[in-house]
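Engineer: Provided below: final_4.cif, containing mmCIF, C-alpha atoms.
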data_entry
#
loop_
_atom_site.label_atom_id
_atom_site.label_comp_id
_atom_site.auth_asym_id
_atom_site.auth_seq_id
_atom_site.Cartn_x
_atom_site.Cartn_y
_atom_site.Cartn_z
CA MET A 1 -18.25 -26.93 46.67
CA LYS A 2 -15.79 -28.39 44.22
CA GLY A 3 -12.34 -29.58 45.11
CA LEU A 4 -9.04 -27.81 44.73
CA GLU A 5 -7.78 -29.97 41.86
CA PHE A 6 -8.23 -27.33 39.15
CA LEU A 7 -6.58 -24.60 41.22
CA GLN A 8 -3.64 -26.85 42.02
CA GLU A 9 -3.36 -27.92 38.37
CA ILE A 10 -3.17 -24.32 37.11
CA GLU A 11 -0.85 -23.25 39.92
CA SER A 12 1.59 -26.02 39.15
CA VAL A 13 1.53 -25.43 35.38
CA THR A 14 2.10 -21.65 35.65
CA GLY A 15 4.03 -21.44 38.90
CA GLU A 16 1.78 -18.54 39.97
CA SER A 17 0.15 -18.26 43.39
CA ILE A 18 -3.40 -17.80 42.15
CA SER A 19 -4.92 -18.40 45.57
CA THR A 20 -3.41 -15.14 46.85
CA CYS A 21 -5.97 -13.18 44.80
CA PHE A 22 -8.18 -10.98 47.00
CA GLN A 23 -10.39 -9.70 44.17
CA CYS A 24 -9.20 -6.10 43.99
CA TYR A 25 -10.38 -5.80 40.34
CA LYS A 26 -7.17 -4.08 39.24
CA CYS A 27 -6.72 -6.52 36.35
CA THR A 28 -10.25 -5.95 35.09
CA VAL A 29 -10.08 -2.17 35.45
CA GLY A 30 -6.87 -1.90 33.43
CA CYS A 31 -7.78 -4.32 30.64
CA PRO A 32 -8.04 -2.64 27.20
CA VAL A 33 -10.33 -5.32 25.69
CA ILE A 34 -12.73 -5.73 28.59
CA SER A 35 -15.72 -4.85 26.40
CA MET A 36 -15.26 -8.02 24.34
CA MET A 37 -14.86 -10.46 27.23
CA ASP A 38 -17.66 -12.66 28.48
CA ILE A 39 -16.08 -13.21 31.91
CA TYR A 40 -13.94 -10.49 33.49
CA PRO A 41 -10.30 -11.35 34.30
CA HIS A 42 -10.76 -11.14 38.09
CA SER A 43 -13.76 -13.49 37.75
CA ILE A 44 -11.65 -15.97 35.78
CA ILE A 45 -9.19 -16.05 38.65
CA ARG A 46 -12.04 -16.51 41.12
CA HIS A 47 -13.55 -19.30 39.00
CA ILE A 48 -10.18 -21.06 39.04
CA ILE A 49 -10.08 -20.85 42.82
CA LEU A 50 -13.65 -22.16 43.04
CA GLY A 51 -12.81 -25.00 40.65
CA ASN A 52 -15.28 -24.11 37.88
CA ARG A 53 -13.16 -25.83 35.29
CA ASP A 54 -15.47 -25.84 32.25
CA ARG A 55 -16.68 -22.31 32.85
CA VAL A 56 -13.08 -21.08 32.58
CA LEU A 57 -11.90 -23.28 29.72
CA THR A 58 -14.87 -22.53 27.46
CA SER A 59 -14.77 -18.77 28.06
CA LYS A 60 -14.11 -16.28 25.26
CA THR A 61 -12.03 -14.16 27.64
CA ILE A 62 -8.88 -16.25 27.43
CA TRP A 63 -8.88 -15.87 23.64
CA VAL A 64 -9.72 -12.17 23.55
CA CYS A 65 -6.69 -11.43 25.77
CA LEU A 66 -3.95 -9.53 23.89
CA GLN A 67 -1.15 -10.51 26.28
CA CYS A 68 -0.34 -6.82 26.84
CA ILE A 69 0.33 -7.80 30.49
CA THR A 70 -1.18 -4.63 31.99
CA CYS A 71 -3.06 -6.85 34.44
CA SER A 72 0.03 -8.84 35.43
CA VAL A 73 2.18 -5.77 36.08
CA ARG A 74 -0.52 -4.10 38.20
CA CYS A 75 -1.47 -7.14 40.27
CA PRO A 76 -0.71 -6.37 43.95
CA ASN A 77 -0.21 -10.08 44.61
CA ASN A 78 2.16 -10.51 41.69
CA ILE A 79 -0.01 -12.99 39.80
CA ASP A 80 0.98 -13.11 36.12
CA ILE A 81 -2.62 -13.18 34.89
CA ALA A 82 -1.68 -13.05 31.19
CA ARG A 83 0.44 -16.13 31.69
CA VAL A 84 -2.40 -17.90 33.46
CA PHE A 85 -4.59 -17.17 30.41
CA GLU A 86 -1.92 -18.54 28.13
CA ALA A 87 -1.81 -21.76 30.13
CA LEU A 88 -5.62 -21.96 30.07
CA ARG A 89 -5.55 -21.64 26.27
CA LYS A 90 -3.24 -24.62 26.00
CA ILE A 91 -5.42 -26.75 28.27
CA ALA A 92 -8.59 -25.67 26.44
CA VAL A 93 -7.13 -26.67 23.07
CA LYS A 94 -5.86 -29.96 24.42
CA GLU A 95 -9.33 -30.84 25.68
CA GLY A 96 -11.15 -29.45 22.64
CA LYS A 97 -13.04 -26.87 24.71
CA GLU A 98 -11.81 -23.68 23.05
CA ALA A 99 -14.45 -21.01 22.42
CA GLU A 100 -12.92 -20.01 19.08
CA LYS A 101 -10.30 -21.45 16.76
CA ASP A 102 -8.86 -18.46 14.89
CA THR A 103 -6.19 -17.37 17.35
CA TRP A 104 -4.86 -20.85 17.92
CA GLN A 105 -4.82 -21.69 14.21
CA PHE A 106 -2.91 -18.49 13.50
CA ASP A 107 -0.41 -19.24 16.25
CA GLU A 108 0.17 -22.73 14.86
CA ILE A 109 0.74 -21.45 11.33
CA PHE A 110 3.01 -18.74 12.71
CA MET A 111 5.20 -21.27 14.55
CA GLU A 112 5.22 -23.56 11.53
CA SER A 113 6.62 -20.69 9.48
CA VAL A 114 9.31 -20.03 12.09
CA ASN A 115 10.11 -23.72 12.11
CA ARG A 116 10.44 -23.80 8.32
CA HIS A 117 12.34 -20.57 7.65
CA GLY A 118 13.91 -19.73 10.99
CA ARG A 119 11.93 -16.51 11.07
CA LEU A 120 8.46 -15.38 10.17
CA TYR A 121 7.61 -15.42 6.47
CA GLU A 122 4.76 -12.89 6.58
CA GLY A 123 3.31 -13.39 3.11
CA GLY A 124 3.26 -17.17 3.37
CA THR A 125 1.81 -17.13 6.88
CA ILE A 126 -1.04 -14.83 5.88
CA ILE A 127 -1.87 -16.89 2.80
CA ARG A 128 -1.80 -20.17 4.75
CA TYR A 129 -4.05 -18.69 7.39
CA LYS A 130 -6.46 -17.43 4.74
CA ILE A 131 -6.56 -20.84 3.05
CA LYS A 132 -7.31 -22.50 6.36
CA ARG A 133 -10.13 -20.04 7.05
CA ARG A 134 -11.33 -20.24 3.42
CA ASP A 135 -11.56 -16.48 3.41
CA PHE A 136 -9.70 -14.69 0.67
CA LEU A 137 -11.52 -11.46 0.05
CA SER A 138 -11.89 -9.76 3.43
CA ASP A 139 -8.33 -8.41 3.73
CA PHE A 140 -7.37 -8.45 0.08
CA ARG A 141 -7.18 -4.67 -0.22
CA MET A 142 -5.05 -4.44 2.93
CA GLY A 143 -2.66 -7.15 1.71
CA LEU A 144 -2.30 -5.56 -1.70
CA GLY A 145 -1.69 -2.14 -0.14
CA LEU A 146 1.02 -3.54 2.11
CA PHE A 147 2.62 -5.41 -0.76
CA LEU A 148 2.67 -2.36 -3.07
CA ARG A 149 4.34 -0.31 -0.34
CA GLY A 150 7.00 -2.94 0.18
CA ARG A 151 5.79 -3.88 3.68
CA ILE A 152 5.23 -7.56 2.84
CA GLY A 153 7.82 -9.46 0.80
CA VAL A 154 7.01 -12.11 -1.78
CA LEU A 155 9.78 -14.52 -0.85
CA PRO A 156 10.79 -15.78 2.60
CA HIS A 157 14.08 -14.73 4.19
CA ALA A 158 15.56 -17.86 5.68
CA ILE A 159 18.20 -17.78 8.42
CA LYS A 160 21.53 -19.56 8.50
CA GLY A 161 21.39 -22.97 10.17
CA ARG A 162 17.72 -23.70 9.64
CA ARG A 163 18.23 -27.44 10.09
CA VAL A 164 19.71 -26.95 13.53
CA LEU A 165 16.74 -24.82 14.54
CA LYS A 166 14.27 -27.43 13.31
CA GLY A 167 16.06 -29.96 15.47
CA LEU A 168 15.83 -27.63 18.47
CA LEU A 169 12.10 -27.15 18.13
CA ARG A 170 11.53 -30.87 17.70
CA LYS A 171 13.56 -31.57 20.83
CA ARG A 172 11.40 -29.07 22.68
CA GLU A 173 8.20 -30.84 21.71
CA ASP A 174 9.38 -34.21 23.00
CA MET B 1 9.47 -21.77 25.93
CA HIS B 2 12.73 -19.82 25.96
CA ILE B 3 14.54 -21.75 23.27
CA LEU B 4 14.24 -19.39 20.31
CA THR B 5 15.27 -16.35 22.34
CA ALA B 6 18.05 -18.26 24.09
CA ARG B 7 19.47 -19.21 20.72
CA ASN B 8 19.57 -15.55 19.63
CA LEU B 9 21.18 -14.55 22.92
CA ALA B 10 23.80 -17.29 22.59
CA ILE B 11 24.73 -16.12 19.09
CA ALA B 12 25.02 -12.50 20.28
CA GLU B 13 27.12 -13.59 23.25
CA ASP B 14 29.40 -15.49 20.96
CA ALA B 15 29.84 -12.45 18.70
CA GLY B 16 30.67 -10.33 21.74
CA TYR B 17 28.29 -7.45 21.00
CA PRO B 18 25.22 -6.16 22.82
CA LEU B 19 22.00 -7.41 21.21
CA PHE B 20 19.76 -4.76 19.64
CA VAL B 21 16.11 -5.88 19.40
CA PRO B 22 13.88 -3.52 17.35
CA CYS B 23 10.48 -5.04 18.17
CA SER B 24 9.06 -4.35 21.65
CA ALA B 25 7.58 -7.80 22.13
CA CYS B 26 10.78 -9.52 20.98
CA TYR B 27 12.74 -7.21 23.27
CA ASN B 28 10.49 -8.10 26.19
CA ARG B 29 10.87 -11.83 25.58
CA SER B 30 14.63 -11.55 25.13
CA ILE B 31 15.05 -9.64 28.40
CA ILE B 32 12.99 -12.23 30.28
CA THR B 33 15.00 -15.13 28.86
CA ASN B 34 18.27 -13.31 29.48
CA THR B 35 17.34 -12.76 33.14
CA ILE B 36 16.32 -16.39 33.59
CA MET B 37 19.57 -17.57 32.00
CA ARG B 38 21.51 -15.40 34.42
CA GLN B 39 19.60 -16.11 37.61
CA ASP B 40 18.12 -19.59 37.38
CA ARG B 41 20.88 -22.17 37.19
CA LYS B 42 18.58 -25.17 36.72
CA LYS B 43 16.67 -23.60 33.82
CA ARG B 44 19.92 -22.36 32.29
CA GLU B 45 21.27 -25.88 32.13
CA GLU B 46 18.00 -27.21 30.74
CA ILE B 47 17.84 -24.60 27.97
CA ASN B 48 21.52 -24.89 27.12
CA GLU B 49 21.10 -28.63 26.81
CA VAL B 50 18.51 -28.04 24.07
CA ILE B 51 20.43 -25.38 22.11
CA LYS B 52 23.75 -27.26 22.24
CA PRO B 53 26.43 -26.63 20.87
CA LEU B 54 25.43 -23.00 21.41
CA ARG B 55 25.56 -21.74 24.97
CA ALA B 56 23.98 -18.71 26.63
CA THR B 57 24.92 -17.43 30.08
CA GLY B 58 22.58 -14.45 30.20
CA MET B 59 25.41 -11.94 30.32
CA VAL B 60 24.71 -10.27 26.98
CA GLN B 61 23.23 -6.76 27.05
CA VAL B 62 19.81 -6.54 25.39
CA LYS B 63 18.91 -3.08 24.07
CA ASN B 64 15.90 -1.50 22.39
CA ILE B 65 16.01 1.45 19.99
CA ILE B 66 15.49 4.02 22.77
CA GLU B 67 18.39 2.62 24.77
CA VAL B 68 20.61 2.46 21.71
CA LEU B 69 20.04 6.14 20.97
CA LEU B 70 20.41 7.16 24.62
CA ASP B 71 23.46 5.04 25.42
CA TYR B 72 25.48 5.03 22.21
CA VAL B 73 24.57 8.35 20.59
CA GLY B 74 23.54 10.45 23.54
CA ILE B 75 21.08 13.32 23.93
CA GLU B 76 23.78 15.98 23.72
CA ARG B 77 25.03 14.86 20.34
CA ILE B 78 21.52 14.47 18.97
CA SER B 79 20.61 18.03 19.89
CA LYS B 80 23.90 19.39 18.51
CA ASP B 81 23.93 17.56 15.19
CA ARG B 82 20.48 18.36 13.88
CA SER B 83 20.51 20.63 10.86
CA TYR B 84 16.75 21.05 10.40
CA ASN B 85 14.32 22.87 12.65
CA LEU B 86 11.41 20.66 13.69
CA SER B 87 10.10 22.94 16.44
CA SER B 88 6.67 23.43 14.84
CA ILE B 89 5.98 19.68 14.82
CA ARG B 90 3.96 18.41 17.78
CA VAL B 91 4.17 14.67 18.31
CA VAL B 92 2.74 12.23 20.83
CA PRO B 93 5.23 9.65 22.14
CA TYR B 94 3.60 6.23 21.89
CA TYR B 95 5.66 3.58 23.66
CA GLY B 96 3.42 0.60 22.99
CA CYS B 97 2.35 -1.94 25.55
CA VAL B 98 5.19 -4.31 26.40
CA LEU B 99 8.34 -2.21 26.07
CA THR B 100 8.66 -1.63 29.81
CA ARG B 101 6.03 -3.99 31.18
CA MET B 102 7.82 -6.94 32.70
CA MET B 103 7.02 -9.24 35.57
CA ASN B 104 9.62 -9.45 38.35
CA ILE B 105 12.25 -7.64 36.27
CA GLU B 106 13.28 -4.02 36.64
CA PRO B 107 12.73 -2.41 33.19
CA PHE B 108 14.95 0.33 31.74
CA ASP B 109 12.22 2.92 32.25
CA ASP B 110 9.08 3.37 34.35
CA LYS B 111 6.50 0.58 33.98
CA GLU B 112 3.47 2.83 33.68
CA ALA B 113 4.77 6.25 32.70
CA PRO B 114 8.02 6.04 30.72
CA THR B 115 9.78 9.27 29.77
CA SER B 116 12.95 8.18 27.98
CA MET B 117 11.58 8.72 24.48
CA ASP B 118 10.20 12.14 25.47
CA ALA B 119 13.76 13.20 26.25
CA LEU B 120 14.99 11.86 22.90
CA LEU B 121 12.21 13.73 21.10
CA TRP B 122 12.96 17.02 22.88
CA ALA B 123 16.59 16.60 21.84
CA SER B 124 15.61 16.12 18.19
CA GLY B 125 13.75 19.42 18.21
CA VAL B 126 10.14 18.26 17.95
CA GLU B 127 7.66 18.98 20.71
CA PRO B 128 6.40 15.88 22.55
CA VAL B 129 2.85 16.45 23.80
CA PRO B 130 1.80 14.83 27.08
CA TRP B 131 -1.12 12.44 26.60
CA ALA B 132 -2.91 9.57 28.32
CA TYR B 133 -2.25 6.73 25.87
CA LYS B 134 1.53 6.39 26.10
CA MET B 135 1.28 2.69 26.81
CA GLU B 136 -2.18 1.71 25.62
CA CYS B 137 -2.22 -1.54 23.61
CA CYS B 138 -2.63 -1.17 19.82
CA GLY B 139 -4.23 -4.59 19.26
CA ALA B 140 -0.96 -6.46 18.70
CA SER B 141 -1.22 -9.58 16.56
CA LYS B 142 -5.03 -9.64 16.50
CA THR B 143 -4.93 -7.65 13.24
CA LEU B 144 -5.43 -10.75 11.14
CA THR B 145 -7.55 -12.94 13.40
CA HIS B 146 -9.80 -10.32 15.02
CA LYS B 147 -9.72 -7.16 12.98
CA GLU B 148 -12.42 -5.53 15.08
CA ILE B 149 -10.25 -5.62 18.22
CA THR B 150 -7.29 -3.94 16.55
CA LEU B 151 -9.62 -1.42 14.94
CA GLN B 152 -11.24 -0.50 18.24
CA LEU B 153 -7.96 -0.14 20.14
CA SER B 154 -5.95 1.63 17.45
CA ASN B 155 -8.91 3.88 16.69
CA ARG B 156 -8.98 5.04 20.29
CA ILE B 157 -5.26 5.81 20.22
CA MET B 158 -5.58 7.79 16.98
CA ASP B 159 -8.59 9.73 18.32
CA MET B 160 -6.69 10.63 21.48
CA ALA B 161 -3.67 11.79 19.47
CA LEU B 162 -5.95 13.99 17.35
CA SER B 163 -7.68 15.42 20.39
CA VAL B 164 -4.42 16.64 21.97
CA GLY B 165 -3.54 18.41 18.72
CA ALA B 166 -0.57 16.36 17.61
CA ASP B 167 0.85 16.31 14.07
CA ALA B 168 2.15 12.77 14.28
CA ILE B 169 2.46 9.69 16.47
CA VAL B 170 6.02 8.53 17.14
CA THR B 171 6.66 4.97 18.29
CA PRO B 172 9.72 2.77 18.95
CA CYS B 173 7.75 -0.42 18.12
CA PRO B 174 7.42 -1.68 14.51
CA LEU B 175 4.21 -3.60 15.24
CA CYS B 176 2.51 -0.55 16.78
CA GLN B 177 3.62 1.48 13.77
CA MET B 178 2.13 -1.15 11.47
CA ASN B 179 -1.21 -1.44 13.28
CA LEU B 180 -1.76 2.31 13.55
CA ASP B 181 -0.63 2.85 9.97
CA LEU B 182 -3.12 0.18 8.83
CA LEU B 183 -6.11 2.08 10.25
CA PRO B 184 -7.43 3.25 6.84
CA TYR B 185 -7.50 -0.39 5.71
CA LEU B 186 -9.02 -1.63 8.95
CA GLY B 187 -12.08 0.50 8.33
CA ARG B 188 -11.42 3.85 10.01
CA GLU B 189 -13.05 6.64 8.03
CA LYS B 190 -12.05 9.65 10.09
CA GLU B 191 -8.91 11.78 9.79
CA ASN B 192 -5.58 10.01 10.38
CA LEU B 193 -2.24 11.25 11.68
CA PRO B 194 1.04 10.01 10.22
CA VAL B 195 2.66 7.30 12.34
CA LEU B 196 6.46 7.53 12.44
CA PHE B 197 9.08 5.13 13.70
CA LEU B 198 11.38 6.89 16.16
CA THR B 199 14.39 6.86 13.83
CA GLU B 200 12.41 8.67 11.12
CA ILE B 201 12.34 11.76 13.32
CA TYR B 202 16.14 11.78 13.32
CA GLU B 203 16.25 11.31 9.59
CA LEU B 204 14.05 14.36 9.36
CA ALA B 205 16.23 16.35 11.78
CA LEU B 206 19.42 15.44 9.90
CA SER B 207 18.34 15.48 6.25
CA GLY B 208 15.00 17.27 6.15
CA THR B 209 13.40 14.44 4.18
CA MET B 210 12.30 10.87 4.72
CA LYS B 211 13.39 8.08 2.40
CA GLY B 212 10.68 5.70 3.57
CA THR B 213 7.67 7.86 2.65
CA ARG B 214 6.53 5.26 0.12
CA GLY B 215 6.23 2.62 2.82
CA HIS B 216 3.72 4.68 4.81
CA ILE B 217 0.03 4.03 4.27
CA ILE B 218 -1.04 7.25 5.97
CA PRO B 219 0.75 10.06 4.06
CA VAL B 220 3.50 11.82 6.01
CA ASP B 221 3.59 15.05 3.97
CA ARG B 222 2.11 17.06 6.81
CA VAL B 223 5.22 16.40 8.92
CA ILE B 224 7.72 17.03 6.11
CA ASP B 225 5.98 20.29 5.19
CA LYS B 226 6.55 21.63 8.69
CA THR B 227 10.30 20.97 8.56
CA ARG B 228 12.41 24.13 8.18
CA LYS B 229 16.09 24.54 7.44
CA ASN B 230 17.97 25.53 10.55
CA GLU B 231 18.99 29.18 10.21
CA ARG B 232 21.59 29.03 12.91
CA VAL B 233 23.78 26.59 10.99
#
Written as C-alpha cells, that's how I'd like the structure from this file.
Structural biologist:
Amino acid sequence: MKGLEFLQEIESVTGESISTCFQCYKCTVGCPVISMMDIYPHSIIRHIILGNRDRVLTSKTIWVCLQCITCSVRCPNNIDIARVFEALRKIAVKEGKEAEKDTWQFDEIFMESVNRHGRLYEGGTIIRYKIKRRDFLSDFRMGLGLFLRGRIGVLPHAIKGRRVLKGLLRKRED
Amino acid sequence: MHILTARNLAIAEDAGYPLFVPCSACYNRSIITNTIMRQDRKKREEINEVIKPLRATGMVQVKNIIEVLLDYVGIERISKDRSYNLSSIRVVPYYGCVLTRMMNIEPFDDKEAPTSMDALLWASGVEPVPWAYKMECCGASKTLTHKEITLQLSNRIMDMALSVGADAIVTPCPLCQMNLDLLPYLGREKENLPVLFLTEIYELALSGTMKGTRGHIIPVDRVIDKTRKNERV
C-alpha cells in the first residue's frame, strides 16, 4: 500500500475532494472518447486515491480528454474530473512523463500566439504547429479549402494594448 | 488562470455594456471568471492586482447568442417579423458541449437537456426535430492534433442528424459549426447535412437568402431551396 502523498498533492493543486469518489462509473459512462482511452476516468480517480503516481501520469487518458466536462457535471460527489485531468497534464509535462506530445505542443503554440497578437492568429498557429511536427501534407487540402472560403485569414488581427497583455501574461508566469 | 477573461470582463465593465461572447467555450470561461470575481474576494484582489490598472468586479452581464436573441429581440418579435416561410425545413438543434455545462454555477438553461434554442427555432418558422445528440461533444480543438477523434465524434453527430430526417444542423457555437462543416475534409465519405450558425436561420427568415454561402464547406443549397416567400405578408 502506497502513501497518501499523491492524493494529497492532486487535491491541493485542484482543490477537488477526490477522496469522496465512490466509483459510481458515471464519468466513464458519459465520456464521448472512452474508446480511445487506455485507463477509464473512474479508474484514474481510483489510481490517484491508491497513489499509483506513474500509472496515472503516463496514461493516454489524460491527453485524450476533450475537456467537454460531461463527467464533471454528472459527478454525484461534485469532483471536477476534467480539471483533475488538466492538472495531471501539467504535472506529467513537468516531469517529462507525458504519453504524447501533440496536444501540449499545440497548446503552447496557441498561447504563444495569444501572447504575441492578443488573440489567436489561426493561420500562423497552424503553420507553426505543422513546422514543429514536420508534417506539411496531411491537412494541406483542408487548410487550402478553409483559406479559399475565407475561414482562415492570411494576416493576424492584433488587439489594442498588446504590450500590456504581454506584461500581464509574464506576471502570471512568475 | 483567469487573467485573460478577467481582462475582457474589466474592459466590458468599463464600457458599461453587457458582454456578448459568441463562442461557447469562451462564454463558459467568461461566466466562470465572472462568478469568481463576484463571489471570491481573495481571488478577485489577486486577479485585479495582475490586470492593473484595469479592474473587474464581476458585475458585468455575460451573454451568449441564444440569450441575446431571447432577451434583446424576443420570441414574439422574431415570429412576427419573418417574411419568408421556412416551415418545410427540419433542423436539429445542436447546442454543443460546454454552453450550459458549468461546475457549481447555475447555467442559463438546463445542463443536460437545454430547450432555449428550440424555442428560438420554432419562432423563426423552422421545425426543430427532437434528437439525442443535443449536447454531444464535436471533438473541440482536437481537429488539428488528433483528427481521428474529431472525425469519430462529428461523424456520429452527422449520422444521428441524418437518421432523424433533418435538413440541417443548427448550432450557436462557431467551433462546433467549423468541426461539423469540416467533415468532408476530415475524411467522411457519406452524405453530409449543411451546418448553419443560429443567426443564419434568421437571415433566411428575413431575407430568403444567405450571404455567407461561400464560407460553407458543405453546400447549403438544400436549405435555401426549401425557403418560400410568405404569402400572408
Engineer: Pull out every residue of chain A sitting within 10 Å of chain B, counting all atoms listed in the file, and send them as a CSV table (one decimal) with C-alpha atoms, keeping the file's coordinate frame.
Structural biologist:
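Result file follows (result-v1.csv):
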chain,number,residue,atom,x,y,z
A,30,GLY,CA,-6.9,-1.9,33.4
A,31,CYS,CA,-7.8,-4.3,30.6
A,32,PRO,CA,-8.0,-2.6,27.2
A,33,VAL,CA,-10.3,-5.3,25.7
A,35,SER,CA,-15.7,-4.8,26.4
A,36,MET,CA,-15.3,-8.0,24.3
A,64,VAL,CA,-9.7,-12.2,23.6
A,65,CYS,CA,-6.7,-11.4,25.8
A,66,LEU,CA,-4.0,-9.5,23.9
A,67,GLN,CA,-1.2,-10.5,26.3
A,68,CYS,CA,-0.3,-6.8,26.8
A,69,ILE,CA,0.3,-7.8,30.5
A,70,THR,CA,-1.2,-4.6,32.0
A,72,SER,CA,0.0,-8.8,35.4
A,73,VAL,CA,2.2,-5.8,36.1
A,74,ARG,CA,-0.5,-4.1,38.2
A,75,CYS,CA,-1.5,-7.1,40.3
A,78,ASN,CA,2.2,-10.5,41.7
A,79,ILE,CA,0.0,-13.0,39.8
A,80,ASP,CA,1.0,-13.1,36.1
A,101,LYS,CA,-10.3,-21.4,16.8
A,102,ASP,CA,-8.9,-18.5,14.9
A,103,THR,CA,-6.2,-17.4,17.4
A,104,TRP,CA,-4.9,-20.8,17.9
A,105,GLN,CA,-4.8,-21.7,14.2
A,106,PHE,CA,-2.9,-18.5,13.5
A,107,ASP,CA,-0.4,-19.2,16.2
A,114,VAL,CA,9.3,-20.0,12.1
A,118,GLY,CA,13.9,-19.7,11.0
A,119,ARG,CA,11.9,-16.5,11.1
A,126,ILE,CA,-1.0,-14.8,5.9
A,129,TYR,CA,-4.0,-18.7,7.4
A,130,LYS,CA,-6.5,-17.4,4.7
A,133,ARG,CA,-10.1,-20.0,7.0
A,139,ASP,CA,-8.3,-8.4,3.7
A,140,PHE,CA,-7.4,-8.4,0.1
A,141,ARG,CA,-7.2,-4.7,-0.2
A,142,MET,CA,-5.0,-4.4,2.9
A,143,GLY,CA,-2.7,-7.2,1.7
A,145,GLY,CA,-1.7,-2.1,-0.1
A,146,LEU,CA,1.0,-3.5,2.1
A,147,PHE,CA,2.6,-5.4,-0.8
A,148,LEU,CA,2.7,-2.4,-3.1
A,149,ARG,CA,4.3,-0.3,-0.3
A,150,GLY,CA,7.0,-2.9,0.2
A,151,ARG,CA,5.8,-3.9,3.7
A,164,VAL,CA,19.7,-27.0,13.5
A,165,LEU,CA,16.7,-24.8,14.5
A,167,GLY,CA,16.1,-30.0,15.5
A,168,LEU,CA,15.8,-27.6,18.5
A,169,LEU,CA,12.1,-27.2,18.1
A,170,ARG,CA,11.5,-30.9,17.7
A,171,LYS,CA,13.6,-31.6,20.8
A,172,ARG,CA,11.4,-29.1,22.7
Engineer: Using Å and a single decimal, report how far atom CA of B:Ile75 sits from atom CA of B:Ala119.
Structural biologist: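 These two atoms are separated by 7.7 Å.
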Engineer: With a distance cut-off of 7 Å and all atoms listed in the file, select the neighbouring residues of A:Ile81, excluding the residue or stretch itself and same-chain residues fewer than 3 positions from it, and output the selection as a list of chain:residue names.
Structural biologist: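 My reading of the contact set: A:Cys71, A:Ser72, A:Val84, A:Phe85.
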Engineer: Nearest to B:Glu127: which of B:Ser88, B:Thr199, B:Thr115, B:Thr143 is it, counting all atoms listed in the file?
Structural biologist: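 Ranked by minimum distance to B:Glu127, first place goes to B:Ser88.
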Engineer: What lies within 6 Å of stretch 189-196 of chain B using all atoms listed in the file, ignoring chain neighbours under 4 positions off, as a list in words?
Structural biologist: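 Listing them by chain and then by number gives Ala168, Ile169, Val170, Ile218 and Val220 of chain B.
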Engineer: Written as a ChimeraX atom specification, which residues does the PyMOL selection byres ((chain A and resi 99) around 8) give for the file shown?
Structural biologist: /A:58-60,63,97-98,100-101
Engineer: Go ahead and write the selection's residues with C-alpha atoms as an mmCIF file, in the coordinates of the input.
Structural biologist:
data_model
loop_
_atom_site.group_PDB
_atom_site.id
_atom_site.type_symbol
_atom_site.label_atom_id
_atom_site.label_comp_id
_atom_site.auth_asym_id
_atom_site.auth_seq_id
_atom_site.Cartn_x
_atom_site.Cartn_y
_atom_site.Cartn_z
ATOM 1 C CA THR A 58 -14.870 -22.530 27.460
ATOM 2 C CA SER A 59 -14.770 -18.770 28.060
ATOM 3 C CA LYS A 60 -14.110 -16.280 25.260
ATOM 4 C CA TRP A 63 -8.880 -15.870 23.640
ATOM 5 C CA LYS A 97 -13.040 -26.870 24.710
ATOM 6 C CA GLU A 98 -11.810 -23.680 23.050
ATOM 7 C CA GLU A 100 -12.920 -20.010 19.080
ATOM 8 C CA LYS A 101 -10.300 -21.450 16.760
#
